[in-house]
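Structure, as structure tokens:
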Amino acid sequence: MTSYVPYIFKSFKQLRQSFGLFVTELGGGMERVGSRLSDDIAYTQNLSRHKNIMTFYDNTPSIDSAFIAPNSSIIGEVQIGSYSSVWYNATLRGEMNAIRIGSYTSIGDSTVINTFSTPPMGMPGSVNIGNHCIIQNNCTIHSCIIDDDVFIGSGSVIGEGVKIEKGAIIAPNSYIPPGRLIPGGQLWSGNPVKFVKDLSEAEIYSTYVQSYNLWNLAHKHLNEKDDPELEEVVDSYLTENYFKWRSRYYDH
């Protein structure tokens, strides 16, 4: 009897593996049928095991009701406020210092945010981005401070130690050298950036409005469907809160 024990265990193992394969194939078949019925083509694509939220040295990203694109990378000490969005292929690397992002802020496709351990000029090594900011696609952001209602155009590079004050706009493909201060409510452009003009109240407010519209779009990506109720809430909020925004902006 003892001589048959290994064969019994081997047969049991093979049976378990066969049953597991059967369950896997059955589940996969049901998923494919369900996907066809719901017009979801995800089952036709190759499986991706990309891990987009990663702990680094015991520092785990903290994300509060934000949209994080599946192929983005959020690494280490990263804090993202409510109703913000990190879009496709963006990379936030909070390895050396923290990255802090406020609410209703959008980080565009393929944008990279890095931190330094000891940037020059005694500035903090962290990245601090305020509320209602828009950072478009393909930007590179180093350790810096970006205040509320700031718009940064696509392809821009922000050097370490930079401070961008409230309501500023950086034109696309601009470069801000390390240690520069960009005053609030102004448009800057070029490589390196130069002052262009003072912004009107409507131009500053447009960034605030776009931040809500981008969250509305992010919400659709998150839920894969339109939400008329959310759109109505956003529209009414923007209409009713203009004077509150104006008071908040101009009283500081």
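Residues are named by chain letter and number: chains run A, B, ... in the order of the structure tokens, numbers start at 1 in each chain, and ligands are numbered from 1 in the order shown.
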Which of segment 181-214 of chain A DSSP labels strand (DSSP E), written as a PyMOL selection string: chain A and resi 181-182+186-189+194-198
Output for the residues just chosen: all heavy atoms as an mmCIF file, in the first residue's frame:
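This is the output file out.cif:
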data_model
loop_
_atom_site.group_PDB
_atom_site.id
_atom_site.type_symbol
_atom_site.label_atom_id
_atom_site.label_comp_id
_atom_site.auth_asym_id
_atom_site.auth_seq_id
_atom_site.Cartn_x
_atom_site.Cartn_y
_atom_site.Cartn_z
ATOM 1 N N LEU A 181 11.197 82.600 -10.447
ATOM 2 C CA LEU A 181 9.888 82.916 -9.877
ATOM 3 C C LEU A 181 9.000 83.463 -10.985
ATOM 4 O O LEU A 181 9.361 84.423 -11.661
ATOM 5 C CB LEU A 181 10.018 83.954 -8.763
ATOM 6 C CG LEU A 181 8.690 84.547 -8.245
ATOM 7 C CD1 LEU A 181 7.856 83.465 -7.554
ATOM 8 C CD2 LEU A 181 8.957 85.716 -7.299
ATOM 9 N N ILE A 182 7.824 82.843 -11.168
ATOM 10 C CA ILE A 182 6.841 83.311 -12.150
ATOM 11 C C ILE A 182 5.703 83.971 -11.372
ATOM 12 O O ILE A 182 4.954 83.290 -10.658
ATOM 13 C CB ILE A 182 6.309 82.151 -13.003
ATOM 14 C CG1 ILE A 182 7.451 81.384 -13.664
ATOM 15 C CG2 ILE A 182 5.312 82.666 -14.029
ATOM 16 C CD1 ILE A 182 8.302 82.200 -14.611
ATOM 17 N N GLN A 186 0.066 86.117 -14.780
ATOM 18 C CA GLN A 186 0.831 86.528 -15.959
ATOM 19 C C GLN A 186 1.017 85.363 -16.919
ATOM 20 O O GLN A 186 1.025 84.201 -16.511
ATOM 21 C CB GLN A 186 2.210 87.066 -15.548
ATOM 22 C CG GLN A 186 2.158 88.339 -14.725
ATOM 23 C CD GLN A 186 3.545 88.860 -14.381
ATOM 24 O OE1 GLN A 186 4.562 88.219 -14.670
ATOM 25 N NE2 GLN A 186 3.601 90.036 -13.760
ATOM 26 N N LEU A 187 1.201 85.697 -18.202
ATOM 27 C CA LEU A 187 1.519 84.713 -19.232
ATOM 28 C C LEU A 187 3.005 84.791 -19.539
ATOM 29 O O LEU A 187 3.533 85.867 -19.836
ATOM 30 C CB LEU A 187 0.703 84.980 -20.499
ATOM 31 C CG LEU A 187 1.099 84.178 -21.750
ATOM 32 C CD1 LEU A 187 0.885 82.680 -21.522
ATOM 33 C CD2 LEU A 187 0.315 84.658 -22.970
ATOM 34 N N TRP A 188 3.671 83.627 -19.478
ATOM 35 C CA TRP A 188 5.090 83.526 -19.796
ATOM 36 C C TRP A 188 5.269 82.469 -20.881
ATOM 37 O O TRP A 188 4.558 81.474 -20.921
ATOM 38 C CB TRP A 188 5.899 83.151 -18.550
ATOM 39 C CG TRP A 188 6.031 84.269 -17.559
ATOM 40 C CD1 TRP A 188 5.032 84.866 -16.850
ATOM 41 C CD2 TRP A 188 7.243 84.923 -17.166
ATOM 42 N NE1 TRP A 188 5.526 85.847 -16.035
ATOM 43 C CE2 TRP A 188 6.899 85.906 -16.201
ATOM 44 C CE3 TRP A 188 8.584 84.781 -17.522
ATOM 45 C CZ2 TRP A 188 7.835 86.736 -15.600
ATOM 46 C CZ3 TRP A 188 9.527 85.602 -16.912
ATOM 47 C CH2 TRP A 188 9.154 86.576 -15.974
ATOM 48 N N SER A 189 6.265 82.704 -21.750
ATOM 49 C CA SER A 189 6.474 81.779 -22.868
ATOM 50 C C SER A 189 7.924 81.822 -23.314
ATOM 51 O O SER A 189 8.628 82.823 -23.115
ATOM 52 C CB SER A 189 5.559 82.162 -24.039
ATOM 53 O OG SER A 189 5.782 81.320 -25.161
ATOM 54 N N LYS A 194 9.971 84.042 -21.026
ATOM 55 C CA LYS A 194 9.981 85.491 -20.880
ATOM 56 C C LYS A 194 8.554 85.964 -20.651
ATOM 57 O O LYS A 194 7.589 85.330 -21.085
ATOM 58 C CB LYS A 194 10.570 86.153 -22.127
ATOM 59 C CG LYS A 194 12.036 85.821 -22.367
ATOM 60 C CD LYS A 194 12.552 86.520 -23.613
ATOM 61 C CE LYS A 194 14.025 86.185 -23.845
ATOM 62 N NZ LYS A 194 14.561 86.836 -25.074
ATOM 63 N N PHE A 195 8.443 87.099 -19.986
ATOM 64 C CA PHE A 195 7.133 87.681 -19.721
ATOM 65 C C PHE A 195 6.468 88.079 -21.037
ATOM 66 O O PHE A 195 7.096 88.686 -21.913
ATOM 67 C CB PHE A 195 7.275 88.899 -18.814
ATOM 68 C CG PHE A 195 6.020 89.701 -18.662
ATOM 69 C CD1 PHE A 195 4.989 89.268 -17.850
ATOM 70 C CD2 PHE A 195 5.858 90.899 -19.352
ATOM 71 C CE1 PHE A 195 3.825 90.004 -17.711
ATOM 72 C CE2 PHE A 195 4.699 91.654 -19.220
ATOM 73 C CZ PHE A 195 3.681 91.205 -18.395
ATOM 74 N N VAL A 196 5.183 87.743 -21.177
ATOM 75 C CA VAL A 196 4.422 88.103 -22.382
ATOM 76 C C VAL A 196 3.408 89.194 -22.067
ATOM 77 O O VAL A 196 3.385 90.244 -22.721
ATOM 78 C CB VAL A 196 3.717 86.864 -22.975
ATOM 79 C CG1 VAL A 196 2.869 87.265 -24.187
ATOM 80 C CG2 VAL A 196 4.735 85.799 -23.361
ATOM 81 N N LYS A 197 2.551 88.958 -21.069
ATOM 82 C CA LYS A 197 1.528 89.956 -20.739
ATOM 83 C C LYS A 197 0.874 89.612 -19.411
ATOM 84 O O LYS A 197 1.013 88.502 -18.888
ATOM 85 C CB LYS A 197 0.453 90.003 -21.825
ATOM 86 C CG LYS A 197 -0.390 88.728 -21.914
ATOM 87 C CD LYS A 197 -1.571 88.890 -22.860
ATOM 88 C CE LYS A 197 -2.474 87.651 -22.828
ATOM 89 N NZ LYS A 197 -3.680 87.845 -23.659
ATOM 90 N N ASP A 198 0.156 90.572 -18.861
ATOM 91 C CA ASP A 198 -0.711 90.325 -17.708
ATOM 92 C C ASP A 198 -2.017 89.722 -18.209
ATOM 93 O O ASP A 198 -2.548 90.134 -19.245
ATOM 94 C CB ASP A 198 -0.998 91.631 -16.959
ATOM 95 C CG ASP A 198 0.225 92.152 -16.215
ATOM 96 O OD1 ASP A 198 0.930 91.338 -15.603
ATOM 97 O OD2 ASP A 198 0.468 93.381 -16.271
#
Residues within 12 Å of Phe116 of chain A, only C-alpha atoms, excluding chain neighbours under 4 positions, as a VMD selection string: chain A and resid 93 to 99 120 122 to 127 141 to 144 159 to 161
Nearest residue to Asn89 of chain A from the set A:Ile145, A:Val193, A:Ile107, A:Ile101 (distances using only C-alpha atoms): A:Ile107
Separation of atom CA of Ile75 of chain A from atom CA of Ala168 of chain A, in Å and rounded to one decimal: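 Calculated distance between atom CA of Ile75 of chain A and atom CA of Ala168 of chain A is 27.9 Å.
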Per-residue DSSP, segment 2-210 of chain A, filtered to helix (DSSP H, G or I), as a PyMOL selection string: chain A and resi 2-37+42-44+120-122+201-210
Contact residues around Ile164 of chain A with only C-alpha atoms at 10 Å, ignoring same-chain residues under 4 positions, as a list in words: Ile129, Cys144, Ile145, Ile146, Asp147, Asp148, Val150, Phe151, Ile152, Ile158, Ala168, Ile169, Ile170, Ile176, Arg180, Leu181, Ile182, Pro183, Gly184, Gly185 and Gln186 of chain A
Best match for closeness to Asp149 of chain A among A:Ile63, A:Ile113, A:Ile74, A:Cys133, counting only C-alpha atoms: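 Looking only at the distances to Asp149 of chain A, the closest residue turns out to be A:Cys133.
From atom CA of Ser106 of chain A back to atom CA of His221 of chain A, the distance works out to 13.5 Å.
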Atom pair atom CA of Ile134 of chain A / atom CA of Gly76 of chain A: separation (Å):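 About the pair atom CA of Ile134 of chain A and atom CA of Gly76 of chain A: they are 22.2 Å apart.
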